[in-house]
Amino acid sequence: AAAQTRDETAAEKHFGAARQAESAGDMARAVAEYQEVLKLMPGVPEVQTNVGLAYYVMGKDQEAIAVFQQALKSNPDLLAANLFLGMAYLRTNHYAESVEPLKKAIALNEKDTRAFLNLSLSYSELGQEVEAAKVLERARELFPDDIEVLYNLGRLYTKLMTNTYKRM
């Protein structure tokens, strides 16, 4: 029990240091501190997600993808891990792989426009403009005054119109 308490205290210290590093914009230090937490408390998916988020912010998408996948094996319902896994796939041009985590993120929380915008972009990049439009129409229903949603919906409809005229 004493060893467990010592480990928990050390983990809390490293977790606090990781949060401070994030606040200061020092993501490399945040990753190192979160990894220390994981040494003391292995396999905690929320901490793994924090590591993935730090990698994502640093632009280390492959590392972020690996960590998010690991976290989701333990807990497939982690919103941030699903959302940012999909976004990391999108940033690495793996559009097909981005679809499922982004759909899951929407299912877990319909109040975040990022999931809708990124899912529609994935569909559009895959040549599935009708699916992209469905996603953006749902987003417009939920966020009728959101400028990004409206802008992306307008761009998509313009693309659909142009493609239709070309076919004619």
# chains A, B, ... in the order shown; residues from 1 in each chain; ligands from 1

call {"tool": "residues_around", "arguments": {"residues": "region 17-33 of chain A", "least_positions_apart": "3", "cutoff": "6 Å", "atoms": "only C-alpha atoms", "output": "list in words"}}
result
His14, Glu36, Val51 and Ala54 of chain A

call {"tool": "select_by_dssp", "arguments": {"residues": "chain A", "states": "helix (DSSP H, G or I)", "output": "ChimeraX atom specification"}}
result
/A:2-23,27-40,45-58,61-74,79-91,95-108,113-125,129-142,147-167

call {"tool": "residues_around", "arguments": {"residues": "Phe143 (chain A)", "least_positions_apart": "4", "cutoff": "12 Å", "atoms": "only C-alpha atoms", "output": "ChimeraX atom specification"}}
result
/A:110-114,116-117,136-139,147-150

call {"tool": "residues_around", "arguments": {"residues": "region 68-77 of chain A", "least_positions_apart": "4", "cutoff": "8 Å", "atoms": "only C-alpha atoms", "output": "list in words"}}
result
Gly43, Val44, Pro45, Glu46, Gln48, Thr49, Gly52, Ala64, Ala81, Asn82, Phe84, Leu85, Lys104 and Leu108 of chain A

call {"tool": "atom_distance", "arguments": {"atom1": "CA of Ala132 (chain A)", "atom2": "CA of Lys60 (chain A)"}}
result
27.0 Å
